[in-house]
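Trainee: One file: protein.csv (CSV, N, CA and C atoms).
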```csv
chain,number,residue,atom,x,y,z
A,1,GLN,N,95.0,103.4,86.8
A,1,GLN,CA,94.6,103.0,88.1
A,1,GLN,C,95.8,102.4,88.9
A,2,VAL,N,96.0,102.9,90.1
A,2,VAL,CA,97.1,102.5,90.9
A,2,VAL,C,96.6,101.2,91.7
A,3,GLN,N,97.4,100.1,91.5
A,3,GLN,CA,97.0,98.9,92.3
A,3,GLN,C,98.1,98.7,93.3
A,4,LEU,N,97.7,98.3,94.5
A,4,LEU,CA,98.6,98.1,95.6
A,4,LEU,C,98.4,96.6,96.1
A,5,VAL,N,99.5,96.0,96.3
A,5,VAL,CA,99.5,94.6,96.7
A,5,VAL,C,100.4,94.5,97.9
A,6,GLU,N,99.8,94.1,99.1
A,6,GLU,CA,100.6,93.9,100.3
A,6,GLU,C,101.0,92.5,100.5
A,7,SER,N,102.1,92.3,101.2
A,7,SER,CA,102.6,91.0,101.5
A,7,SER,C,103.4,91.1,102.8
A,8,GLY,N,103.7,89.9,103.3
A,8,GLY,CA,104.6,89.8,104.5
A,8,GLY,C,103.9,89.6,105.8
A,9,GLY,N,102.6,89.6,105.8
A,9,GLY,CA,101.9,89.3,107.1
A,9,GLY,C,102.1,87.9,107.5
A,10,GLY,N,101.7,87.6,108.8
A,10,GLY,CA,101.8,86.3,109.3
A,10,GLY,C,101.6,86.3,110.8
A,11,SER,N,101.9,85.2,111.4
A,11,SER,CA,101.7,85.0,112.8
A,11,SER,C,103.1,84.9,113.5
A,12,VAL,N,103.3,85.7,114.5
A,12,VAL,CA,104.5,85.6,115.3
A,12,VAL,C,104.2,85.8,116.8
A,13,GLN,N,105.1,85.4,117.6
A,13,GLN,CA,104.9,85.6,119.1
A,13,GLN,C,105.2,87.1,119.5
A,14,ALA,N,104.7,87.5,120.6
A,14,ALA,CA,104.9,88.8,121.1
A,14,ALA,C,106.4,89.0,121.3
A,15,GLY,N,106.9,90.2,120.9
A,15,GLY,CA,108.3,90.5,120.9
A,15,GLY,C,109.0,90.2,119.6
A,16,GLY,N,108.3,89.6,118.7
A,16,GLY,CA,108.9,89.2,117.4
A,16,GLY,C,108.8,90.4,116.4
A,17,SER,N,109.2,90.1,115.2
A,17,SER,CA,109.2,91.1,114.1
A,17,SER,C,108.6,90.6,112.9
A,18,LEU,N,108.1,91.5,112.1
A,18,LEU,CA,107.6,91.2,110.7
A,18,LEU,C,107.9,92.4,109.8
A,19,ARG,N,108.1,92.1,108.5
A,19,ARG,CA,108.3,93.2,107.6
A,19,ARG,C,107.2,93.1,106.5
A,20,LEU,N,106.4,94.1,106.4
A,20,LEU,CA,105.3,94.1,105.4
A,20,LEU,C,105.9,94.9,104.2
A,21,ALA,N,105.4,94.5,103.0
A,21,ALA,CA,105.7,95.2,101.8
A,21,ALA,C,104.5,95.6,101.1
A,22,CYS,N,104.5,96.7,100.4
A,22,CYS,CA,103.4,97.1,99.5
A,22,CYS,C,104.0,97.5,98.2
A,23,ALA,N,103.6,96.8,97.2
A,23,ALA,CA,104.1,97.0,95.8
A,23,ALA,C,103.0,97.8,95.1
A,24,ALA,N,103.3,99.0,94.6
A,24,ALA,CA,102.4,99.8,93.8
A,24,ALA,C,102.7,99.5,92.3
A,25,SER,N,101.6,99.5,91.6
A,25,SER,CA,101.8,99.2,90.1
A,25,SER,C,102.5,100.4,89.5
A,26,VAL,N,102.3,101.6,90.1
A,26,VAL,CA,103.0,102.8,89.7
A,26,VAL,C,102.9,103.9,90.8
A,27,TYR,N,103.9,104.7,90.9
A,27,TYR,CA,103.8,105.9,91.7
A,27,TYR,C,103.4,107.0,90.7
A,28,ASP,N,102.1,107.2,90.5
A,28,ASP,CA,101.8,108.2,89.5
A,28,ASP,C,101.9,109.6,90.1
A,29,TYR,N,101.7,110.7,89.3
A,29,TYR,CA,102.0,112.0,89.7
A,29,TYR,C,101.2,112.5,90.9
A,30,ARG,N,100.1,111.8,91.2
A,30,ARG,CA,99.2,112.2,92.2
A,30,ARG,C,99.6,111.7,93.6
A,31,THR,N,100.5,110.6,93.6
A,31,THR,CA,100.8,109.9,94.8
A,31,THR,C,101.8,110.7,95.6
A,32,TYR,N,101.4,111.4,96.6
A,32,TYR,CA,102.3,112.2,97.4
A,32,TYR,C,102.6,111.5,98.8
A,33,CYS,N,101.7,110.6,99.2
A,33,CYS,CA,101.9,110.0,100.5
A,33,CYS,C,101.5,108.5,100.3
A,34,MET,N,102.3,107.7,100.9
A,34,MET,CA,101.9,106.2,101.1
A,34,MET,C,101.8,106.0,102.6
A,35,SER,N,100.8,105.3,103.0
A,35,SER,CA,100.6,105.0,104.4
A,35,SER,C,100.2,103.6,104.7
A,36,TRP,N,100.3,103.2,105.9
A,36,TRP,CA,99.9,101.9,106.4
A,36,TRP,C,98.8,102.2,107.4
A,37,PHE,N,97.7,101.5,107.2
A,37,PHE,CA,96.5,101.5,108.1
A,37,PHE,C,96.4,100.1,108.7
A,38,ARG,N,95.7,100.0,109.8
A,38,ARG,CA,95.4,98.6,110.3
A,38,ARG,C,94.0,98.7,110.9
A,39,GLN,N,93.3,97.5,110.9
A,39,GLN,CA,92.0,97.4,111.5
A,39,GLN,C,91.9,96.0,112.1
A,40,ALA,N,91.6,96.0,113.4
A,40,ALA,CA,91.4,94.8,114.2
A,40,ALA,C,89.9,94.6,114.2
A,41,PRO,N,89.4,93.3,114.4
A,41,PRO,CA,88.0,93.0,114.4
A,41,PRO,C,87.3,93.9,115.5
A,42,GLY,N,86.2,94.5,115.1
A,42,GLY,CA,85.5,95.3,116.1
A,42,GLY,C,86.1,96.7,116.4
A,43,LYS,N,87.2,97.0,115.8
A,43,LYS,CA,87.8,98.3,116.1
A,43,LYS,C,87.8,99.2,114.9
A,44,GLU,N,88.1,100.5,115.1
A,44,GLU,CA,88.2,101.5,114.0
A,44,GLU,C,89.5,101.2,113.2
A,45,ARG,N,89.4,101.6,112.0
A,45,ARG,CA,90.6,101.5,111.2
A,45,ARG,C,91.5,102.7,111.6
A,46,GLU,N,92.8,102.5,111.8
A,46,GLU,CA,93.7,103.5,112.2
A,46,GLU,C,94.9,103.6,111.3
A,47,GLY,N,95.3,104.8,111.0
A,47,GLY,CA,96.5,105.0,110.2
A,47,GLY,C,97.7,105.0,111.2
A,48,VAL,N,98.7,104.2,111.0
A,48,VAL,CA,99.8,104.0,111.9
A,48,VAL,C,101.1,104.6,111.4
A,49,ALA,N,101.3,104.7,110.1
A,49,ALA,CA,102.6,105.2,109.6
A,49,ALA,C,102.3,105.8,108.2
A,50,GLY,N,103.0,106.9,107.9
A,50,GLY,CA,102.9,107.5,106.6
A,50,GLY,C,104.3,108.0,106.1
A,51,ILE,N,104.5,108.0,104.8
A,51,ILE,CA,105.8,108.4,104.2
A,51,ILE,C,105.5,109.3,103.0
A,52,ILE,N,106.2,110.4,102.9
A,52,ILE,CA,106.0,111.3,101.8
A,52,ILE,C,106.9,110.8,100.7
A,53,THR,N,106.3,110.5,99.5
A,53,THR,CA,107.1,109.9,98.4
A,53,THR,C,108.2,110.8,97.9
A,54,ASP,N,108.0,112.1,97.9
A,54,ASP,CA,109.0,113.0,97.4
A,54,ASP,C,110.3,113.0,98.2
A,55,ASP,N,110.2,113.0,99.5
A,55,ASP,CA,111.4,113.2,100.3
A,55,ASP,C,111.6,112.3,101.5
A,56,SER,N,110.7,111.3,101.5
A,56,SER,CA,110.7,110.2,102.5
A,56,SER,C,110.5,110.7,104.0
A,57,ARG,N,109.9,111.8,104.1
A,57,ARG,CA,109.6,112.2,105.5
A,57,ARG,C,108.5,111.3,106.0
A,58,THR,N,108.6,110.9,107.3
A,58,THR,CA,107.8,109.9,107.9
A,58,THR,C,107.0,110.5,109.1
A,59,ASN,N,105.9,109.8,109.4
A,59,ASN,CA,105.1,110.1,110.6
A,59,ASN,C,104.6,108.8,111.1
A,60,TYR,N,104.4,108.8,112.4
A,60,TYR,CA,103.9,107.5,113.1
A,60,TYR,C,102.9,107.9,114.1
A,61,ALA,N,101.9,107.0,114.3
A,61,ALA,CA,101.0,107.1,115.4
A,61,ALA,C,101.8,106.7,116.7
A,62,ASP,N,101.4,107.3,117.8
A,62,ASP,CA,102.0,107.0,119.1
A,62,ASP,C,102.0,105.5,119.4
A,63,SER,N,101.0,104.8,119.0
A,63,SER,CA,100.9,103.4,119.3
A,63,SER,C,102.0,102.6,118.7
A,64,VAL,N,102.7,103.1,117.7
A,64,VAL,CA,103.7,102.3,117.0
A,64,VAL,C,105.1,103.0,117.0
A,65,LYS,N,105.1,104.2,117.5
A,65,LYS,CA,106.4,105.0,117.4
A,65,LYS,C,107.5,104.3,118.1
A,66,GLY,N,108.6,104.2,117.5
A,66,GLY,CA,109.8,103.6,118.1
A,66,GLY,C,109.8,102.1,117.9
A,67,ARG,N,108.7,101.5,117.4
A,67,ARG,CA,108.7,100.1,117.1
A,67,ARG,C,108.6,99.8,115.6
A,68,PHE,N,107.9,100.6,114.9
A,68,PHE,CA,107.6,100.4,113.5
A,68,PHE,C,108.4,101.5,112.7
A,69,THR,N,108.9,101.0,111.5
A,69,THR,CA,109.6,101.9,110.6
A,69,THR,C,109.0,101.8,109.2
A,70,ILE,N,108.6,102.9,108.6
A,70,ILE,CA,108.1,102.9,107.2
A,70,ILE,C,109.2,103.4,106.3
A,71,SER,N,109.4,102.8,105.2
A,71,SER,CA,110.4,103.2,104.3
A,71,SER,C,109.9,102.9,102.8
A,72,GLN,N,110.7,103.4,101.9
A,72,GLN,CA,110.3,103.2,100.5
A,72,GLN,C,111.5,102.9,99.6
A,73,VAL,N,111.3,102.2,98.6
A,73,VAL,CA,112.3,102.1,97.5
A,73,VAL,C,111.6,102.7,96.3
A,74,HIS,N,111.9,104.0,96.1
A,74,HIS,CA,111.1,104.7,95.1
A,74,HIS,C,111.2,104.1,93.7
A,75,ALA,N,112.4,103.6,93.3
A,75,ALA,CA,112.5,103.0,92.0
A,75,ALA,C,111.7,101.7,91.8
A,76,LYS,N,111.3,101.1,92.9
A,76,LYS,CA,110.5,99.9,92.8
A,76,LYS,C,109.0,100.2,93.2
A,77,SER,N,108.7,101.5,93.4
A,77,SER,CA,107.4,101.8,93.9
A,77,SER,C,106.9,100.9,95.0
A,78,THR,N,107.8,100.7,95.9
A,78,THR,CA,107.5,99.7,97.0
A,78,THR,C,107.7,100.4,98.4
A,79,VAL,N,106.7,100.2,99.2
A,79,VAL,CA,106.8,100.8,100.6
A,79,VAL,C,106.9,99.6,101.6
A,80,TYR,N,107.7,99.7,102.6
A,80,TYR,CA,107.8,98.7,103.6
A,80,TYR,C,107.4,99.2,105.0
A,81,LEU,N,107.0,98.3,105.8
A,81,LEU,CA,106.7,98.6,107.2
A,81,LEU,C,107.4,97.5,108.0
A,82,GLN,N,108.5,97.9,108.6
A,82,GLN,CA,109.3,97.0,109.5
A,82,GLN,C,108.7,97.1,110.9
A,83,MET,N,108.2,96.0,111.4
A,83,MET,CA,107.5,96.0,112.7
A,83,MET,C,108.4,95.2,113.7
A,84,THR,N,108.7,95.8,114.8
A,84,THR,CA,109.5,95.1,115.8
A,84,THR,C,108.8,95.2,117.2
A,85,SER,N,109.3,94.4,118.1
A,85,SER,CA,108.7,94.4,119.5
A,85,SER,C,107.2,94.3,119.4
A,86,LEU,N,106.7,93.4,118.6
A,86,LEU,CA,105.3,93.3,118.4
A,86,LEU,C,104.5,92.9,119.6
A,87,LYS,N,103.3,93.4,119.7
A,87,LYS,CA,102.5,93.1,120.9
A,87,LYS,C,101.1,92.5,120.3
A,88,PRO,N,100.5,91.8,121.2
A,88,PRO,CA,99.2,91.2,120.8
A,88,PRO,C,98.2,92.2,120.2
A,89,GLU,N,98.3,93.5,120.8
A,89,GLU,CA,97.4,94.5,120.3
A,89,GLU,C,97.7,95.0,118.9
A,90,ASP,N,98.8,94.6,118.4
A,90,ASP,CA,99.2,94.9,117.0
A,90,ASP,C,98.5,94.0,116.0
A,91,SER,N,97.8,93.0,116.5
A,91,SER,CA,97.1,92.1,115.6
A,91,SER,C,96.0,92.8,114.8
A,92,ALA,N,96.0,92.7,113.5
A,92,ALA,CA,95.1,93.4,112.7
A,92,ALA,C,95.3,93.0,111.3
A,93,MET,N,94.4,93.4,110.4
A,93,MET,CA,94.6,93.4,109.0
A,93,MET,C,95.3,94.7,108.7
A,94,TYR,N,96.4,94.6,107.9
A,94,TYR,CA,97.2,95.8,107.6
A,94,TYR,C,97.0,96.2,106.1
A,95,TYR,N,96.7,97.4,105.9
A,95,TYR,CA,96.4,97.9,104.5
A,95,TYR,C,97.4,99.0,104.1
A,96,CYS,N,97.7,99.0,102.9
A,96,CYS,CA,98.6,100.0,102.3
A,96,CYS,C,97.6,101.0,101.5
A,97,VAL,N,98.0,102.3,101.6
A,97,VAL,CA,97.1,103.3,101.0
A,97,VAL,C,98.0,104.3,100.2
A,98,ALA,N,97.6,104.6,99.0
A,98,ALA,CA,98.2,105.7,98.2
A,98,ALA,C,97.3,106.9,98.2
A,99,SER,N,97.8,108.0,98.5
A,99,SER,CA,96.9,109.2,98.6
A,99,SER,C,97.7,110.5,98.1
A,100,SER,N,96.9,111.5,97.9
A,100,SER,CA,97.6,112.8,97.4
A,100,SER,C,98.1,113.6,98.6
A,101,GLY,N,97.8,113.1,99.8
A,101,GLY,CA,98.3,113.8,101.0
A,101,GLY,C,98.1,113.0,102.3
A,102,CYS,N,98.8,113.4,103.3
A,102,CYS,CA,98.6,112.7,104.6
A,102,CYS,C,98.5,113.8,105.7
A,103,THR,N,97.7,113.6,106.7
A,103,THR,CA,97.6,114.5,107.8
A,103,THR,C,97.8,113.8,109.1
A,104,VAL,N,98.6,114.4,110.0
A,104,VAL,CA,98.7,113.8,111.3
A,104,VAL,C,97.6,114.4,112.2
A,105,LEU,N,96.8,113.5,112.7
A,105,LEU,CA,95.6,114.0,113.5
A,105,LEU,C,96.1,114.3,114.9
A,106,PRO,N,95.3,115.1,115.7
A,106,PRO,CA,95.7,115.5,117.1
A,106,PRO,C,96.0,114.3,118.0
A,107,ASP,N,95.4,113.1,117.7
A,107,ASP,CA,95.7,111.9,118.5
A,107,ASP,C,96.9,111.1,117.9
A,108,SER,N,97.6,111.7,117.0
A,108,SER,CA,98.8,111.2,116.3
A,108,SER,C,98.5,110.2,115.2
A,109,ARG,N,97.3,109.7,115.1
A,109,ARG,CA,97.0,108.8,114.0
A,109,ARG,C,97.1,109.5,112.6
A,110,ILE,N,97.3,108.7,111.6
A,110,ILE,CA,97.5,109.3,110.3
A,110,ILE,C,96.2,109.3,109.5
A,111,ARG,N,95.9,110.4,108.8
A,111,ARG,CA,94.7,110.4,107.9
A,111,ARG,C,95.2,110.5,106.5
A,112,ALA,N,94.7,109.6,105.6
A,112,ALA,CA,95.1,109.7,104.2
A,112,ALA,C,94.1,110.7,103.5
A,113,ASP,N,94.6,111.7,102.9
A,113,ASP,CA,93.7,112.7,102.2
A,113,ASP,C,93.8,112.4,100.7
A,114,GLY,N,92.6,112.5,100.0
A,114,GLY,CA,92.6,112.3,98.6
A,114,GLY,C,93.1,110.9,98.2
A,115,VAL,N,92.4,109.9,98.8
A,115,VAL,CA,92.8,108.5,98.6
A,115,VAL,C,92.7,108.1,97.1
A,116,ILE,N,93.8,107.5,96.7
A,116,ILE,CA,93.9,107.1,95.3
A,116,ILE,C,93.6,105.6,95.2
A,117,SER,N,94.2,104.9,96.2
A,117,SER,CA,94.0,103.4,96.1
A,117,SER,C,94.2,102.8,97.5
A,118,TRP,N,93.5,101.7,97.8
A,118,TRP,CA,93.7,100.9,98.9
A,118,TRP,C,94.2,99.5,98.4
A,119,GLY,N,95.0,98.9,99.2
A,119,GLY,CA,95.3,97.5,98.9
A,119,GLY,C,94.3,96.6,99.6
A,120,LYS,N,94.4,95.3,99.3
A,120,LYS,CA,93.4,94.3,99.9
A,120,LYS,C,93.8,93.9,101.3
A,121,GLY,N,95.0,94.2,101.8
A,121,GLY,CA,95.4,93.9,103.1
A,121,GLY,C,96.2,92.6,103.3
A,122,THR,N,96.9,92.6,104.4
A,122,THR,CA,97.7,91.4,104.8
A,122,THR,C,97.5,91.2,106.3
A,123,PRO,N,97.2,90.0,106.7
A,123,PRO,CA,96.9,89.8,108.1
A,123,PRO,C,98.1,89.6,109.0
A,124,VAL,N,98.0,90.2,110.2
A,124,VAL,CA,99.1,90.1,111.2
A,124,VAL,C,98.5,89.6,112.5
A,125,THR,N,99.0,88.5,113.0
A,125,THR,CA,98.5,87.9,114.3
A,125,THR,C,99.7,87.8,115.2
A,126,ILE,N,99.6,88.4,116.4
A,126,ILE,CA,100.6,88.3,117.4
A,126,ILE,C,100.1,87.5,118.6
A,127,SER,N,100.7,86.5,119.0
A,127,SER,CA,100.3,85.7,120.1
A,127,SER,C,101.1,86.0,121.3
A,128,SER,N,100.5,85.9,122.5
A,128,SER,CA,101.2,86.3,123.7
A,128,SER,C,101.9,85.0,124.3
```
Translate the structure described by the file into C-alpha cells.
Mentor:
Amino acid sequence: QVQLVESGGGSVQAGGSLRLACAASVYDYRTYCMSWFRQAPGKEREGVAGIITDDSRTNYADSVKGRFTISQVHAKSTVYLQMTSLKPEDSAMYYCVASSGCTVLPDSRIRADGVISWGKGTPVTISS
C-alpha cells in the first residue's frame, strides 16, 4: 500500500509563496503519475498539477500555470509543489495523488487515472 503524506501548508498573504511536499512510502511499479489536487469549501475538487515519474514531464491547469511548479526527487519518492504569486482563490485543501496515469482534460485540469492512493491533505489559506 502506497501511503502519501503532505506537508508545507499554511497561511500567507496574497502575493506570497508556499512549498508543499508529498512524501510517498514508495514509488511502486504502478506509480506513473503524481499529481496535486485541491478542493475549496463548496467547490469541486480540481487537479492543478501533474508530473510523470519516469521522465518528469509536467502539466498544469490554466488556473495555476506560470505560478505553480511541480517537481520530484525520485530517490526520495517525494513530490513538491512550489506555489508563488498566491491569490485568495488558491485557498483550499491540497491533496497529493499517486496514480497509474494522468490525463489533461479539455479545460486544462488534471485527471488522475487508476488512482493508487490519496494523501490526507494539507490546508492552504491565502489572505487578501
Trainee: Just the residues within 6.5 Å of Asp90 in chain A, please, counting all atoms listed in the file, with nothing from its chain fewer than 2 positions along; format it as a ChimeraX atom specification.
Mentor: /A:86-88,92,124-126
Trainee: What gap, in Å, lies between atom C of Ala112 in chain A and atom C of Ser11 in chain A?
Mentor: 29.1 Å
Trainee: Got a sec: who's within 12 Å of Ser85 in chain A, counting only C-alpha atoms, leaving out chain neighbours fewer than 2 positions off, as a list in words?
Mentor: Val12, Gln13, Ala14, Gly15, Gly16, Ser17, Leu18, Arg19, Ser63, Val64, Lys65, Gly66, Arg67, Phe68, Thr69, Gln82, Met83, Lys87, Pro88, Glu89, Asp90, Ile126 and Ser128 of chain A
Trainee: Could you give me, as a PyMOL selection string, the residues that sit within 10 Å of (103.6, 98.0, 99.0) in the file's coordinates, counting only C-alpha atoms?
Mentor: chain A and resi 3-8+20-25+34-36+72-73+76-81+95-98+119
Trainee: Give me, please, the distance in Å between CA of Glu46 in chain A and CA of Val2 in chain A, quoted to one decimal.
Mentor: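 Result for CA of Glu46 in chain A versus CA of Val2 in chain A: 21.6 Å, one decimal.
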Trainee: Counting all atoms listed in the file, which of A:Arg38, A:Asp28, A:Lys120, A:Gly114 gets nearest to Cys102 in chain A?
Mentor: A:Gly114
Trainee: How many Å lie between CA of Ser56 in chain A and CA of Ser100 in chain A, rounded to one decimal?
Mentor: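 So the two atoms, CA of Ser56 in chain A and CA of Ser100 in chain A, lie 14.3 Å apart.
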Trainee: Tell me which protein, DNA and RNA residues are within 7 Å of range 105-111 of chain A, counting only N, CA and C atoms, leaving out same-chain ones fewer than 2 positions away, and put them as a list in words.
Mentor: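 Selected residues are Glu46, Gly47, Val48, Ala49, Gly50, Tyr60, Ala61, Asp62, Gly101, Cys102, Thr103 and Asp113 of chain A.
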Trainee: Please reconstruct the missing atoms of range 1-24 of chain A (target: N, CA, C and O atoms) and return them as a compact mmCIF listing (two decimals), keeping the file's coordinate frame.
Mentor:
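Output (part33.txt):
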```
# COMPACT_ATOMS: atom_id res chain seq x y z
N GLN A 1 95.00 103.40 86.80
CA GLN A 1 94.60 103.00 88.10
C GLN A 1 95.80 102.40 88.90
O GLN A 1 96.47 101.55 88.38
N VAL A 2 96.00 102.90 90.10
CA VAL A 2 97.10 102.50 90.90
C VAL A 2 96.60 101.20 91.70
O VAL A 2 95.64 101.27 92.37
N GLN A 3 97.40 100.10 91.50
CA GLN A 3 97.00 98.90 92.30
C GLN A 3 98.10 98.70 93.30
O GLN A 3 99.29 98.86 93.04
N LEU A 4 97.70 98.30 94.50
CA LEU A 4 98.60 98.10 95.60
C LEU A 4 98.40 96.60 96.10
O LEU A 4 97.29 96.16 96.27
N VAL A 5 99.50 96.00 96.30
CA VAL A 5 99.50 94.60 96.70
C VAL A 5 100.40 94.50 97.90
O VAL A 5 101.63 94.71 97.87
N GLU A 6 99.80 94.10 99.10
CA GLU A 6 100.60 93.90 100.30
C GLU A 6 101.00 92.50 100.50
O GLU A 6 100.38 91.57 99.95
N SER A 7 102.10 92.30 101.20
CA SER A 7 102.60 91.00 101.50
C SER A 7 103.40 91.10 102.80
O SER A 7 103.72 92.15 103.28
N GLY A 8 103.70 89.90 103.30
CA GLY A 8 104.60 89.80 104.50
C GLY A 8 103.90 89.60 105.80
O GLY A 8 104.55 89.45 106.85
N GLY A 9 102.60 89.60 105.80
CA GLY A 9 101.90 89.30 107.10
C GLY A 9 102.10 87.90 107.50
O GLY A 9 102.56 87.05 106.78
N GLY A 10 101.70 87.60 108.80
CA GLY A 10 101.80 86.30 109.30
C GLY A 10 101.60 86.30 110.80
O GLY A 10 100.99 87.22 111.33
N SER A 11 101.90 85.20 111.40
CA SER A 11 101.70 85.00 112.80
C SER A 11 103.10 84.90 113.50
O SER A 11 103.91 84.02 113.11
N VAL A 12 103.30 85.70 114.50
CA VAL A 12 104.50 85.60 115.30
C VAL A 12 104.20 85.80 116.80
O VAL A 12 103.07 86.22 117.13
N GLN A 13 105.10 85.40 117.60
CA GLN A 13 104.90 85.60 119.10
C GLN A 13 105.20 87.10 119.50
O GLN A 13 105.95 87.77 118.76
N ALA A 14 104.70 87.50 120.60
CA ALA A 14 104.90 88.80 121.10
C ALA A 14 106.40 89.00 121.30
O ALA A 14 107.16 88.06 121.67
N GLY A 15 106.90 90.20 120.90
CA GLY A 15 108.30 90.50 120.90
C GLY A 15 109.00 90.20 119.60
O GLY A 15 110.14 90.66 119.41
N GLY A 16 108.30 89.60 118.70
CA GLY A 16 108.90 89.20 117.40
C GLY A 16 108.80 90.40 116.40
O GLY A 16 108.35 91.50 116.75
N SER A 17 109.20 90.10 115.20
CA SER A 17 109.20 91.10 114.10
C SER A 17 108.60 90.60 112.90
O SER A 17 108.59 89.37 112.61
N LEU A 18 108.10 91.50 112.10
CA LEU A 18 107.60 91.20 110.70
C LEU A 18 107.90 92.40 109.80
O LEU A 18 108.00 93.53 110.31
N ARG A 19 108.10 92.10 108.50
CA ARG A 19 108.30 93.20 107.60
C ARG A 19 107.20 93.10 106.50
O ARG A 19 107.15 92.06 105.79
N LEU A 20 106.40 94.10 106.40
CA LEU A 20 105.30 94.10 105.40
C LEU A 20 105.90 94.90 104.20
O LEU A 20 106.67 95.81 104.34
N ALA A 21 105.40 94.50 103.00
CA ALA A 21 105.70 95.20 101.80
C ALA A 21 104.50 95.60 101.10
O ALA A 21 103.46 94.84 101.12
N CYS A 22 104.50 96.70 100.40
CA CYS A 22 103.40 97.10 99.50
C CYS A 22 104.00 97.50 98.20
O CYS A 22 104.70 98.50 98.09
N ALA A 23 103.60 96.80 97.20
CA ALA A 23 104.10 97.00 95.80
C ALA A 23 103.00 97.80 95.10
O ALA A 23 101.87 97.29 94.95
N ALA A 24 103.30 99.00 94.60
CA ALA A 24 102.40 99.80 93.80
C ALA A 24 102.70 99.50 92.30
O ALA A 24 103.82 99.43 91.92
```
